Structure formats: structure tokens, C-alpha cells
file target.txt (compact mmCIF, C-alpha atoms)
# COMPACT_ATOMS: atom_id res chain seq x y z
CA MET A 1 0.00 0.00 0.00
CA GLU A 2 1.26 3.46 -0.88
CA GLU A 3 2.58 5.46 2.06
CA SER A 4 0.31 8.43 1.27
CA ILE A 5 -2.82 6.22 1.21
CA ARG A 6 -1.86 4.52 4.47
CA LYS A 7 -1.31 7.87 6.14
CA GLN A 8 -4.70 9.15 5.03
CA LEU A 9 -6.49 6.03 6.23
CA LYS A 10 -4.93 6.46 9.66
CA GLU A 11 -6.00 10.11 9.71
CA ILE A 12 -9.56 9.15 8.78
CA MET A 13 -9.70 6.65 11.64
CA GLN A 14 -8.35 9.19 14.10
CA GLN A 15 -11.01 11.69 12.99
CA GLU A 16 -13.83 9.17 13.30
CA VAL A 17 -12.80 7.22 16.40
CA VAL A 18 -12.96 9.70 19.27
CA LEU A 19 -13.97 9.86 22.92
CA ALA A 20 -17.57 10.74 23.75
CA THR A 21 -19.52 10.83 27.00
CA GLY A 22 -23.12 9.68 26.75
CA CYS A 23 -25.15 9.50 23.55
CA THR A 24 -23.53 11.64 20.86
CA GLU A 25 -26.71 13.44 19.78
CA PRO A 26 -27.52 14.99 23.20
CA GLY A 27 -23.79 15.61 23.54
CA ALA A 28 -23.71 17.50 20.25
CA VAL A 29 -26.80 19.51 21.23
CA ALA A 30 -25.18 20.41 24.56
CA LEU A 31 -22.01 21.37 22.69
CA CYS A 32 -23.99 23.70 20.43
CA VAL A 33 -25.78 25.26 23.41
CA ALA A 34 -22.49 25.74 25.24
CA LYS A 35 -20.97 27.52 22.22
CA ALA A 36 -24.03 29.75 21.81
CA VAL A 37 -23.96 30.73 25.50
CA GLU A 38 -20.22 31.41 25.37
CA THR A 39 -20.77 33.59 22.32
CA LEU A 40 -23.59 35.45 24.08
CA GLY A 41 -21.35 36.01 27.11
CA CYS A 42 -24.02 35.71 29.81
CA GLU A 43 -26.78 33.42 31.03
CA PRO A 44 -29.56 33.39 28.43
CA GLU A 45 -33.14 34.34 29.14
CA ASN A 46 -34.41 32.16 26.30
CA ILE A 47 -32.98 29.16 24.42
CA THR A 48 -34.38 27.97 21.10
CA LEU A 49 -33.23 24.72 19.52
CA LYS A 50 -34.03 23.64 15.98
CA LEU A 51 -32.96 20.07 15.27
CA SER A 52 -33.01 17.80 12.25
CA LYS A 53 -35.39 14.87 12.60
CA ASN A 54 -32.61 12.37 13.15
CA VAL A 55 -31.01 14.39 15.95
CA TYR A 56 -34.40 14.98 17.57
CA LYS A 57 -35.20 11.26 17.37
CA ASN A 58 -31.89 10.17 18.90
CA ALA A 59 -32.07 12.64 21.78
CA MET A 60 -35.59 11.98 23.05
CA GLY A 61 -35.30 8.90 25.21
CA VAL A 62 -31.66 8.36 26.09
CA GLY A 63 -30.07 8.73 29.53
CA ILE A 64 -27.94 11.81 30.17
CA PRO A 65 -24.69 10.98 32.01
CA GLY A 66 -24.72 11.29 35.78
CA THR A 67 -28.24 12.73 36.01
CA GLY A 68 -30.63 9.80 36.27
CA MET A 69 -32.73 11.71 33.72
CA ILE A 70 -33.48 11.32 30.02
CA GLY A 71 -33.91 13.75 27.16
CA LEU A 72 -32.61 17.13 26.08
CA PRO A 73 -33.78 19.61 28.76
CA ILE A 74 -31.29 18.41 31.37
CA ALA A 75 -28.50 18.30 28.74
CA VAL A 76 -29.32 21.90 27.83
CA ALA A 77 -29.27 22.88 31.51
CA MET A 78 -25.83 21.30 31.97
CA ALA A 79 -24.54 23.22 28.97
CA VAL A 80 -25.96 26.52 30.24
CA THR A 81 -24.66 26.19 33.79
CA HIS A 82 -21.33 24.43 33.30
CA GLY A 83 -20.82 23.90 29.57
CA ASN A 84 -17.40 24.22 27.98
CA SER A 85 -17.35 23.87 24.21
CA SER A 86 -13.62 23.12 24.18
CA ARG A 87 -14.48 19.68 25.62
CA GLY A 88 -16.19 18.61 22.40
CA LEU A 89 -18.32 15.48 22.85
CA GLU A 90 -17.21 15.23 26.47
CA VAL A 91 -19.11 18.43 27.26
CA LEU A 92 -21.53 16.49 29.48
CA THR A 93 -18.74 15.18 31.70
CA ILE A 94 -19.14 17.38 34.78
CA PRO A 95 -18.85 16.72 38.55
CA ALA A 96 -21.87 15.65 40.60
CA ASP A 97 -22.22 19.03 42.33
CA GLN A 98 -22.41 20.74 38.94
CA VAL A 99 -25.06 18.25 37.82
CA GLU A 100 -27.11 19.31 40.84
CA ASP A 101 -26.64 22.94 39.81
CA ALA A 102 -28.01 22.05 36.37
CA LYS A 103 -31.01 20.24 37.84
CA GLN A 104 -31.82 23.23 40.01
CA TRP A 105 -31.48 25.59 37.04
CA LEU A 106 -33.81 23.39 35.00
CA ALA A 107 -36.39 23.30 37.79
CA ASN A 108 -36.48 27.11 37.75
CA ASN A 109 -36.03 27.74 34.02
CA ALA A 110 -37.59 24.87 32.04
CA ASN A 111 -39.98 27.32 30.39
CA LYS A 112 -37.02 29.15 28.84
CA ILE A 113 -36.19 26.17 26.60
CA GLU A 114 -37.96 25.66 23.28
CA ILE A 115 -37.11 22.59 21.19
CA GLY A 116 -38.46 21.92 17.70
CA VAL A 117 -37.77 20.13 14.44
CA LYS A 118 -35.96 21.90 11.59
CA GLU A 119 -37.16 20.99 8.11
CA THR A 120 -33.86 20.33 6.37
CA SER A 121 -32.35 17.73 4.07
CA ASP A 122 -29.32 17.72 6.37
CA LYS A 123 -29.75 14.71 8.66
CA LEU A 124 -27.38 16.09 11.29
CA TYR A 125 -28.33 19.69 12.01
CA ILE A 126 -28.40 21.56 15.33
CA GLU A 127 -29.23 25.25 15.60
CA CYS A 128 -29.21 27.03 18.95
CA SER A 129 -30.32 30.63 19.39
CA VAL A 130 -30.01 32.35 22.77
CA CYS A 131 -30.85 35.84 23.95
CA CYS A 132 -30.54 38.07 27.00
CA GLY A 133 -32.12 41.51 26.85
CA ASP A 134 -31.05 43.07 23.57
CA ALA A 135 -28.14 40.65 23.10
CA ALA A 136 -28.47 37.50 21.00
CA ALA A 137 -26.28 34.70 19.66
CA THR A 138 -26.68 31.75 17.33
CA ALA A 139 -24.57 28.64 16.82
CA VAL A 140 -25.10 25.93 14.20
CA ILE A 141 -23.59 22.43 13.96
CA SER A 142 -23.99 20.45 10.75
CA LYS A 143 -22.84 17.26 9.03
CA ARG A 144 -20.61 16.13 11.91
CA HIS A 145 -21.31 16.19 15.63
CA THR A 146 -18.62 18.76 16.39
CA ASN A 147 -18.61 20.68 13.11
CA PHE A 148 -19.65 24.31 13.70
CA ILE A 149 -20.66 25.99 10.46
CA PHE A 150 -22.20 29.23 11.74
CA LEU A 151 -21.68 31.60 14.68
CA LYS A 152 -23.31 34.97 15.16
CA LYS A 153 -23.43 37.52 17.97
CA ASN A 154 -25.99 40.28 17.55
CA ASP A 155 -25.46 41.49 13.97
CA GLN A 156 -21.85 40.28 13.72
CA ILE A 157 -21.25 37.03 11.87
CA LEU A 158 -18.25 35.30 13.43
CA LEU A 159 -18.26 32.14 11.29
CA ASP A 160 -20.14 31.22 8.13
CA HIS A 161 -19.45 27.97 6.32
CA LYS A 162 -23.07 27.41 5.32
CA GLN A 163 -22.83 28.16 1.62
CA GLY A 164 -19.87 25.94 0.87
CA LEU A 165 -21.24 23.16 3.05
CA PHE A 166 -24.65 22.89 1.48
CA GLN A 167 -23.27 23.00 -2.02
CA GLU A 168 -21.74 19.60 -1.37
CA GLN A 169 -23.35 16.82 -3.36
CA ASP A 170 -25.32 15.28 -0.52
CA ASN A 171 -22.12 14.27 1.20
CA ASP A 172 -22.28 13.92 4.97
CA ASP A 173 -18.60 14.60 5.56
CA ASN A 174 -16.82 17.80 6.37
CA PRO A 175 -16.14 19.47 3.00
CA GLU A 176 -12.67 20.47 4.11
CA GLU A 177 -11.85 16.76 4.37
CA ASP A 178 -13.98 15.71 1.41
CA ASN A 179 -11.31 15.06 -1.21
CA LYS A 180 -9.21 13.08 1.22
CA GLN A 181 -12.08 10.99 2.57
CA ARG A 182 -13.56 10.24 -0.84
CA LEU A 183 -10.43 8.62 -2.23
CA GLU A 184 -10.97 5.20 -3.74
CA PHE A 185 -12.05 3.76 -0.43
CA THR A 186 -12.58 0.03 -0.98
CA ALA A 187 -12.94 -3.12 1.08
CA ARG A 188 -9.61 -4.31 -0.29
CA MET A 189 -7.94 -1.11 0.86
CA VAL A 190 -9.35 -1.55 4.37
CA TYR A 191 -8.24 -5.18 4.52
CA ASP A 192 -4.74 -4.39 3.31
CA TYR A 193 -4.34 -1.53 5.78
CA ALA A 194 -5.55 -3.59 8.73
CA THR A 195 -3.35 -6.57 7.91
CA THR A 196 -0.14 -4.81 6.82
CA ALA A 197 0.12 -1.43 8.56
CA PRO A 198 3.05 -1.21 10.99
CA LEU A 199 1.88 -2.25 14.44
CA GLU A 200 3.14 0.95 16.04
CA GLU A 201 0.70 2.80 13.78
CA LEU A 202 -2.18 0.96 15.44
CA GLU A 203 -1.06 1.42 19.04
CA TRP A 204 -3.44 4.31 19.69
CA LEU A 205 -6.40 1.94 19.25
CA ARG A 206 -5.47 0.25 22.52
CA ASP A 207 -7.16 3.18 24.23
CA THR A 208 -10.44 2.20 22.58
CA VAL A 209 -10.18 -1.21 24.24
CA GLU A 210 -9.36 0.27 27.64
CA TYR A 211 -12.18 2.80 27.70
CA ASN A 212 -14.85 0.62 26.13
CA THR A 213 -13.97 -2.31 28.40
CA ALA A 214 -14.45 -0.04 31.42
CA ALA A 215 -17.95 0.83 30.19
CA SER A 216 -18.67 -2.87 29.76
CA GLN A 217 -17.66 -3.59 33.34
CA CYS A 218 -19.98 -0.81 34.48
CA GLY A 219 -22.87 -2.26 32.48
CA LEU A 220 -22.37 -5.76 33.87
CA SER A 221 -23.21 -4.39 37.33
CA GLY A 222 -26.77 -3.90 36.08
CA MET A 223 -27.77 -0.87 34.04
CA GLY A 224 -30.29 -0.09 31.33
CA LEU A 225 -32.23 -3.23 30.37
CA HIS A 226 -29.59 -5.36 32.16
CA THR A 227 -29.10 -7.10 28.79
CA GLY A 228 -25.41 -7.79 29.27
CA GLU A 229 -25.80 -8.80 32.90
CA ILE A 230 -28.56 -11.32 32.13
CA LEU A 231 -26.81 -12.74 29.06
CA MET A 232 -23.62 -13.16 31.07
CA GLU A 233 -25.50 -15.10 33.75
CA GLN A 234 -26.79 -17.44 31.05
CA ALA A 235 -23.54 -17.73 29.06
CA ARG A 236 -22.16 -20.56 31.21
CA GLY A 237 -18.74 -20.24 29.66
CA ASP A 238 -19.93 -20.25 26.04
CA MET A 239 -17.49 -18.09 24.10
CA VAL A 240 -19.94 -16.45 21.71
CA HIS A 241 -22.53 -15.66 24.37
CA THR A 242 -19.84 -14.26 26.64
CA VAL A 243 -18.51 -11.96 23.91
CA VAL A 244 -22.01 -10.71 23.12
CA ALA A 245 -22.84 -10.22 26.81
CA ARG A 246 -19.70 -8.23 27.56
CA THR A 247 -20.15 -6.07 24.46
CA VAL A 248 -23.82 -5.18 24.93
CA ALA A 249 -23.18 -4.43 28.61
CA ALA A 250 -21.27 -1.35 27.49
CA SER A 251 -24.36 -0.19 25.59
CA ASP A 252 -26.51 -0.87 28.66
CA ALA A 253 -24.27 1.48 30.61
CA ARG A 254 -23.97 4.16 27.96
CA MET A 255 -27.68 4.37 27.15
CA ASP A 256 -28.55 4.53 30.84
CA GLY A 257 -26.40 7.60 31.48
CA CYS A 258 -23.09 6.10 32.60
CA THR A 259 -20.52 8.84 33.14
CA LYS A 260 -17.66 6.79 31.68
CA PRO A 261 -16.67 8.01 28.19
CA VAL A 262 -16.36 5.52 25.35
CA TYR A 263 -14.57 5.67 22.03
CA SER A 264 -17.14 6.33 19.33
CA ASN A 265 -17.02 5.46 15.64
CA SER A 266 -18.54 7.73 12.96
CA GLY A 267 -20.22 9.83 15.63
CA SER A 268 -21.77 6.92 17.56
CA GLY A 269 -20.68 5.45 20.86
CA ASN A 270 -22.61 2.24 20.28
CA GLN A 271 -20.87 1.81 16.94
CA GLY A 272 -17.52 2.44 18.63
CA ILE A 273 -18.30 -0.22 21.25
CA THR A 274 -19.34 -2.69 18.55
CA CYS A 275 -16.18 -2.00 16.57
CA THR A 276 -13.91 -2.62 19.55
CA LEU A 277 -15.08 -5.18 22.08
CA PRO A 278 -16.15 -8.22 19.99
CA SER A 279 -12.79 -8.42 18.23
CA TYR A 280 -10.92 -7.86 21.49
CA TYR A 281 -12.87 -10.33 23.62
CA TYR A 282 -13.16 -13.04 20.96
CA GLY A 283 -9.50 -12.80 20.03
CA THR A 284 -8.52 -12.95 23.71
CA TYR A 285 -10.71 -15.98 24.47
CA LYS A 286 -9.41 -17.81 21.39
CA GLY A 287 -5.82 -17.17 22.40
CA CYS A 288 -5.00 -15.10 19.33
CA SER A 289 -1.81 -13.07 19.38
CA ASP A 290 -1.81 -9.45 20.43
CA GLU A 291 -0.99 -8.50 16.85
CA GLN A 292 -3.95 -10.44 15.46
CA ILE A 293 -6.31 -8.81 17.96
CA MET A 294 -5.15 -5.27 17.22
CA ARG A 295 -5.37 -5.87 13.48
CA ALA A 296 -8.90 -7.25 13.93
CA VAL A 297 -9.93 -4.19 15.96
CA THR A 298 -8.47 -2.00 13.22
CA MET A 299 -10.35 -3.89 10.53
CA ASN A 300 -13.61 -3.61 12.45
CA HIS A 301 -13.30 0.16 12.97
CA LEU A 302 -12.13 1.04 9.47
CA MET A 303 -14.55 -1.27 7.64
CA SER A 304 -17.44 0.23 9.60
CA ILE A 305 -16.28 3.74 8.70
CA TYR A 306 -16.13 2.76 5.04
CA ILE A 307 -19.63 1.27 5.04
CA LYS A 308 -21.08 4.16 7.03
CA ARG A 309 -19.87 6.73 4.49
CA GLY A 310 -22.36 5.41 1.95
CA ILE A 311 -25.23 5.33 4.44
CA GLY A 312 -24.69 8.78 5.95
CA ARG A 313 -23.81 9.84 9.47
CA LEU A 314 -27.44 9.68 10.63
CA SER A 315 -30.02 7.51 8.92
CA ALA A 316 -33.16 5.43 9.39
CA LEU A 317 -30.79 2.47 9.08
CA CYS A 318 -29.42 1.46 12.48
CA GLY A 319 -25.68 2.03 12.86
CA ILE A 320 -25.34 -1.46 14.31
CA VAL A 321 -25.68 -2.70 10.71
CA ASN A 322 -22.40 -1.21 9.50
CA ALA A 323 -20.62 -1.78 12.83
CA THR A 324 -21.46 -5.50 12.96
CA MET A 325 -20.64 -5.89 9.27
CA GLY A 326 -17.17 -4.69 10.22
CA GLY A 327 -17.36 -7.09 13.15
CA ALA A 328 -18.12 -10.03 10.87
CA ALA A 329 -15.07 -9.12 8.79
CA ALA A 330 -12.87 -8.97 11.89
CA LEU A 331 -14.21 -12.25 13.32
CA THR A 332 -13.54 -13.94 9.99
CA TYR A 333 -9.97 -12.65 10.06
CA LEU A 334 -9.51 -13.98 13.61
CA GLU A 335 -10.75 -17.36 12.41
CA GLY A 336 -7.99 -17.43 9.80
CA GLY A 337 -10.04 -16.24 6.85
CA GLY A 338 -8.44 -14.24 4.07
CA TYR A 339 -9.75 -11.35 2.03
CA GLU A 340 -12.18 -13.48 0.04
CA GLN A 341 -13.74 -14.94 3.18
CA VAL A 342 -13.94 -11.46 4.78
CA CYS A 343 -15.97 -10.33 1.76
CA TYR A 344 -18.18 -13.41 2.07
CA ALA A 345 -18.93 -12.53 5.68
CA MET A 346 -19.95 -8.99 4.83
CA LYS A 347 -22.15 -10.11 1.94
CA ASN A 348 -23.84 -12.56 4.27
CA MET A 349 -24.45 -9.73 6.75
CA ILE A 350 -25.92 -7.42 4.11
CA ASN A 351 -28.51 -10.08 3.34
CA THR A 352 -29.25 -10.63 7.03
CA ILE A 353 -29.75 -7.37 8.93
CA ALA A 354 -29.91 -4.69 6.22
CA GLY A 355 -33.44 -3.64 7.21
CA MET A 356 -32.80 -2.90 10.89
CA VAL A 357 -34.24 0.56 11.55
CA CYS A 358 -33.05 3.24 13.94
CA ASP A 359 -35.92 4.27 16.21
CA GLY A 360 -33.88 6.57 18.40
CA ALA A 361 -31.17 6.17 21.02
CA LYS A 362 -32.44 4.37 24.11
CA PRO A 363 -31.61 1.47 26.49
CA SER A 364 -32.98 -1.15 24.08
CA CYS A 365 -30.16 -0.33 21.64
CA ALA A 366 -28.33 -3.10 23.51
CA LEU A 367 -30.85 -5.59 22.11
CA LYS A 368 -30.16 -4.47 18.54
CA MET A 369 -26.46 -4.77 19.23
CA SER A 370 -26.96 -8.37 20.38
CA VAL A 371 -28.92 -9.24 17.21
CA GLY A 372 -26.17 -7.77 15.02
CA LEU A 373 -23.41 -9.56 16.91
CA TYR A 374 -25.06 -12.98 16.87
CA SER A 375 -25.60 -12.51 13.13
CA ALA A 376 -21.94 -11.54 12.72
CA PHE A 377 -20.82 -14.79 14.34
CA VAL A 378 -23.11 -16.86 12.11
CA CYS A 379 -22.09 -15.01 8.95
CA ALA A 380 -18.39 -15.28 9.79
CA GLU A 381 -18.71 -19.01 10.49
CA LEU A 382 -20.35 -19.55 7.11
CA ALA A 383 -17.69 -17.43 5.43
CA VAL A 384 -14.74 -19.42 6.77
CA HIS A 385 -16.48 -22.49 5.33
CA ASP A 386 -16.64 -20.64 1.98
CA ARG A 387 -20.40 -20.26 2.11
CA VAL A 388 -21.76 -16.97 0.79
CA VAL A 389 -25.13 -15.65 -0.37
CA ASP A 390 -25.62 -15.75 -4.11
CA CYS A 391 -25.02 -12.57 -6.07
CA THR A 392 -28.65 -12.70 -7.21
CA ASP A 393 -29.89 -12.53 -3.61
CA GLY A 394 -31.28 -9.23 -2.33
CA LEU A 395 -28.77 -6.38 -2.12
CA SER A 396 -25.75 -8.56 -2.75
CA GLU A 397 -23.67 -8.47 -5.94
CA SER A 398 -20.57 -10.39 -6.95
CA ASP A 399 -18.43 -7.37 -6.09
CA ILE A 400 -18.31 -6.48 -2.38
CA ASP A 401 -17.96 -2.75 -2.99
CA CYS A 402 -21.07 -2.77 -5.21
CA SER A 403 -22.90 -4.64 -2.46
CA ILE A 404 -21.84 -2.03 0.10
CA ARG A 405 -22.96 0.76 -2.22
CA ASN A 406 -26.37 -0.90 -2.53
CA LEU A 407 -26.67 -0.94 1.25
CA GLY A 408 -25.71 2.73 1.30
CA ARG A 409 -28.44 3.59 -1.20
CA LEU A 410 -30.99 1.83 0.98
CA GLY A 411 -29.91 3.66 4.13
CA LYS A 412 -29.27 7.09 2.64
CA ASP A 413 -32.09 7.48 0.14
CA GLY A 414 -34.46 4.54 0.31
CA MET A 415 -35.45 4.92 3.96
CA ASN A 416 -36.23 8.66 4.12
CA GLN A 417 -39.97 8.07 4.44
CA THR A 418 -39.27 5.47 7.09
CA ASP A 419 -37.41 8.12 9.06
CA ASP A 420 -40.40 10.45 8.92
CA MET A 421 -42.79 7.70 9.99
CA ILE A 422 -40.61 6.66 12.94
CA LEU A 423 -40.41 10.22 14.24
CA ASP A 424 -44.18 10.69 13.81
CA ILE A 425 -44.86 7.53 15.80
CA MET A 426 -42.38 8.47 18.53
CA THR A 427 -43.81 11.97 18.97
CA HIS A 428 -47.49 10.89 18.99
CA LYS A 429 -47.48 8.06 21.50
CA LYS A 430 -50.56 7.80 23.72
call {"tool": "encode", "arguments": {"input": "target.txt", "output": "C-alpha cells"}}
result
Amino acid sequence: MEESIRKQLKEIMQQEVVLATGCTEPGAVALCVAKAVETLGCEPENITLKLSKNVYKNAMGVGIPGTGMIGLPIAVAMAVTHGNSSRGLEVLTIPADQVEDAKQWLANNANKIEIGVKETSDKLYIECSVCCGDAAATAVISKRHTNFIFLKKNDQILLDHKQGLFQEQDNDDNPEEDNKQRLEFTARMVYDYATTAPLEELEWLRDTVEYNTAASQCGLSGMGLHTGEILMEQARGDMVHTVVARTVAASDARMDGCTKPVYSNSGSGNQGITCTLPSYYYGTYKGCSDEQIMRAVTMNHLMSIYIKRGIGRLSALCGIVNATMGGAAALTYLEGGGYEQVCYAMKNMINTIAGMVCDGAKPSCALKMSVGLYSAFVCAELAVHDRVVDCTDGLSESDIDCSIRNLGRLGKDGMNQTDDMILDIMTHKK
């Protein structure tokens, strides 16, 4: 692999695999609020949020770290009282006494917060407007969870990347990185990088294992739906069940408001968990070498990033689909499969869980993670026995990259009406 390509692939991973505390959508909303308040320079009298449907959907029912509460109002309160935009997606990591300050502020000021849906084709859009007396400020995040495109204080525009951003051809990536990230990104390229890159180049990914394992341990103590805890009790030493239990436990913790940060992938903590822990735990239990495990973790992360680019950062298609497709590739590699078998595993996955919808971030995300992981083990097992779905089946084609593009079309364009229906159902429950 060319040195320049390898360097860019590493940079892409480092941009997409980052620490985040709590669900990334409430975190991004809190980040936007914090920036708007900082720009205003004082405590606001009114806060107006306009969110894309996907952000709104993912922020409704998820636990906010350290609060014992769900939803956006408490996240907004934390950003107003103790927000610091320099912390990025760790903006919600604040001490317990500051959480109590936020709760008290919310109790006295809930009527100051107005949250609504923004009609926009941009699936990740957060606009926060704040005012105090005659002073006003606006901050806008778009395309990526930490990507500010607009800042304004009173009549002074401090930042304006709107025009260039929305002229992009429906691309969900930062336009400044667009040329680099839209290189000929292929499954073969991902496989070659993961299996041949110098090991020292992959060392930083050890942090993903450390942080995400800590979240798993927290979840096994009983959080969320207790999915991981219950599955672990029933595993009875079975390797596959144990791997699934330990992995979904991290989602239990994260969706229930655990204060431990996790390494996310493509803007999602659950995807980051899924791209890290199965490869690590399975490789460890099988007695694979440290090198094999780290290369498998790399393959999982980078393959998921590649697949997600076609789907879009937020979609009606659950992110567990791309993350566990990467997982199936990594498991196949750990079982001794080569590139051809890795492609078989991913084709098998496309024809298994392609229709899994995203109905918001919530504790039951751990259940979807378990479904994706069990499917990944089955699809990998078939792949190492050279069994693959026929190219005439469903979304699959003979070429793996064409198959991945078909999945992307389904998630990015084909499920837009599904997205609208899901949000309508979620906001009109009796």
C-alpha cells in the first residue's frame, strides 16, 4: 500500500474514532448550546433549539450521564450552567455538584427552553439561538457532531461555512476533508491496511479497548435493560454468548447515562463499542496473538467507517448494521479467513440485517447490538467455510464494494420516508 494512502487512512480513523460521553446526539446539542452561551457572554433568558429529525429522534429517550434523567432539557441545563465547548463530545462530563446545579437551574427555568424540528435535508443539524435583553447569539452544527458551520453575535457574523457546506453533493462529511475521505475507499484497501500497517501505527487503538472495556464492566453491574448482565449469567462459559454479553453491557451502561466516556465510531458510541469489544474479547478468548487482535480491531473500525460513508452519518438504518458488518469481517480474520472470506462474511451480513431501523437512542439499543453480533458470528462461520449468499440474492452483488454501495443507497435514500414515519410515531405516542 502506498505510504500516502496509508497515512490518510490512519487520519480518517483518528477523525472518526474519538472519545464521547453519553449519547452523541444529546452531547452534540449540549455542545452547540455551550458555544451559543459562550458567544452570548451571559446566562440566556431564552434558548431555542431547531434540530433535524434524526437528531431529535436520537435525543428523546436516552439517559444523560450522571443525572438519572433522560432527554434534552437536562442536557441543555448542563450546557448553560457548566458547559465548555472546548471539551467537544465530552461536554456532558461534569462533577456531581455541577449536575445538581443544572437540575436546580432546570427546575427554575424549564420554560425558557424551546425545542423543535428543523425541516432540512441535512440529517445532522443543530441550531441554537439564545438571547438576553437586547443581546443574541446563534450557533449551528452540521454534518458532523462537532462541526460548527455558523456563529453569530448580535449582527456580527463570526463564522459562516453554510454556503460551501450545502453546495456539497449530498455528502455527509466535512467538506474540508472531502477530497481526502472520498479517495478510492474500498474493502480491499481496508483489509490491506488492517493486515499490513506497521503495528506501532495501530497502538493508539489500545485506548479504545481500555475505555470501552471499562464501560462494559460498568454495564455488567446492572444498568439499562440489564441485557449484558442477564446474558452473562446465562452464558455458562460459552465463548460467543460471553462476547455478546460483555459487548452489549457497554451499551446498557452508555444508554442509561453512565458517566464513563467511550470511544465512538462515525459519531456513535454504540458503533464504537461494537467496533472494539467483539474483536478484542473473541481474540482474547481464542488465544490469538496481540498483533492479530489489534489488526482485527483496526479492521472492524475502518470497515465500519467505510460502510457508514455510503449510508450517511445519521439515517433510518441502524448504525449497528455497518458496525457488525465490520465485526463479521474482523471475526472472519480472527478465524484465519483471508480477504475473500472477509468479503463473504460482509455479503452474508448485508442479506441478514440490512433492514434494521433506527428508532432513536435508548436502552434497548443493547438488544439491537446483540442481534447484530449474533448474526456476525453466524455469517463469519459460514464465510470461513466458503459459504456466501448468491449474487442474485437481495442487495448482494458479486463485487463487495457494489454490495456495500447498494446498502448505502438503501440507508441514505431509500429509507427517508421510514425516518419520517418513525419520528411521527415516537412523537405521537398515547
call {"tool": "closest_atom_pairs", "arguments": {"input": "target.txt", "of": "range 329-407 of chain A", "to": "range 270-289 of chain A", "cutoff": "7 Å", "atoms": "only C-alpha atoms", "output": "Markdown table"}}
result
| residue | atom | partner | partner_atom | distance |
| --- | --- | --- | --- | --- |
| A:Ala330 | CA | A:Ser279 | CA | 6.4 |
| A:Leu331 | CA | A:Ser279 | CA | 6.4 |
| A:Leu334 | CA | A:Gly283 | CA | 6.5 |
call {"tool": "atom_distance", "arguments": {"input": "target.txt", "atom1": "CA of Gly267 in chain A", "atom2": "CA of Val33 in chain A"}}
result
18.2 Å
call {"tool": "residues_around", "arguments": {"input": "target.txt", "residues": "range 143-150 of chain A", "least_positions_apart": "6", "cutoff": "8 Å", "atoms": "all atoms listed in the file", "output": "list in words"}}
result
Thr24, Glu25, Ala28, Leu31, Gly88, Leu89, Asp122, Lys123, Leu124, Tyr125, Ile157, Leu158, Leu159, Asp160, His161, Lys162, Leu165, Asp172, Asp173, Asn174, Gly267 and Arg313 of chain A
call {"tool": "atom_distance", "arguments": {"input": "target.txt", "atom1": "CA of Cys132 in chain A", "atom2": "CA of Pro44 in chain A"}}
result
5.0 Å
call {"tool": "atom_distance", "arguments": {"input": "target.txt", "atom1": "CA of Ser304 in chain A", "atom2": "CA of Asn265 in chain A"}}
result
8.0 Å
call {"tool": "residues_near_point", "arguments": {"input": "target.txt", "point": "(-24.6, 16.9, 29.8)", "cutoff": "6 Å", "atoms": "only C-alpha atoms", "output": "MDAnalysis selection string"}}
result
chainID A and resid 75 78 92
call {"tool": "closest_residue", "arguments": {"input": "target.txt", "among": "A:Lys347, A:Lys412, A:Lys260, A:Arg254", "to": "Val62 in chain A", "atoms": "all atoms listed in the file"}}
result
A:Arg254
call {"tool": "closest_residue", "arguments": {"input": "target.txt", "among": "A:Thr93, A:Thr332, A:Thr186, A:Thr427", "to": "Cys258 in chain A", "atoms": "all atoms listed in the file"}}
result
A:Thr93
call {"tool": "residues_around", "arguments": {"input": "target.txt", "residues": "Ala194 in chain A", "least_positions_apart": "5", "cutoff": "12 Å", "atoms": "all atoms listed in the file", "output": "PyMOL selection string"}}
result
chain A and resi 1+6+9-10+13+187-189+199+201-202+205+291-303+326+329-330+333+338-339
call {"tool": "residues_around", "arguments": {"input": "target.txt", "residues": "Leu367 in chain A", "least_positions_apart": "4", "cutoff": "8 Å", "atoms": "all atoms listed in the file", "output": "compact mmCIF listing (two decimals) with C-alpha atoms, in the coordinates of the input"}}
result
# COMPACT_ATOMS: atom_id res chain seq x y z
CA THR A 227 -29.10 -7.10 28.79
CA VAL A 248 -23.82 -5.18 24.93
CA VAL A 371 -28.92 -9.24 17.21
call {"tool": "residues_around", "arguments": {"input": "target.txt", "residues": "range 46-49 of chain A", "least_positions_apart": "4", "cutoff": "9 Å", "atoms": "all atoms listed in the file", "output": "PyMOL selection string"}}
result
chain A and resi 29+33+76+111-118+126-132
call {"tool": "closest_residue", "arguments": {"input": "target.txt", "among": "A:Gln15, A:Ala139, A:Thr208, A:Ala96", "to": "Thr259 in chain A", "atoms": "only C-alpha atoms"}}
result
A:Ala96
call {"tool": "closest_residue", "arguments": {"input": "target.txt", "among": "A:Met255, A:Asn406, A:Cys391, A:Ile425", "to": "Ala366 in chain A", "atoms": "only C-alpha atoms"}}
result
A:Met255
call {"tool": "closest_residue", "arguments": {"input": "target.txt", "among": "A:Pro363, A:Val80, A:Gly310, A:Ala345", "to": "Gly219 in chain A", "atoms": "all atoms listed in the file"}}
result
A:Pro363
call {"tool": "closest_residue", "arguments": {"input": "target.txt", "among": "A:Ser403, A:Gln417, A:Ser398, A:Gln341", "to": "Ala380 in chain A", "atoms": "only C-alpha atoms"}}
result
A:Gln341
call {"tool": "axis_aligned_box", "arguments": {"input": "target.txt", "around": "range 57-72 of chain A", "padding_each_side": "5 Å", "output": "lines of an AutoDock Vina configuration file"}}
result
center_x = -30.1
center_y = 12.7
center_z = 26.8
size_x = 20.9
size_y = 18.8
size_z = 28.9
call {"tool": "residues_around", "arguments": {"input": "target.txt", "residues": "Ala135 in chain A", "least_positions_apart": "3", "cutoff": "12 Å", "atoms": "only C-alpha atoms", "output": "number ranges by chain"}}
result
A: 36-37, 39-46, 129-132, 138, 152-156
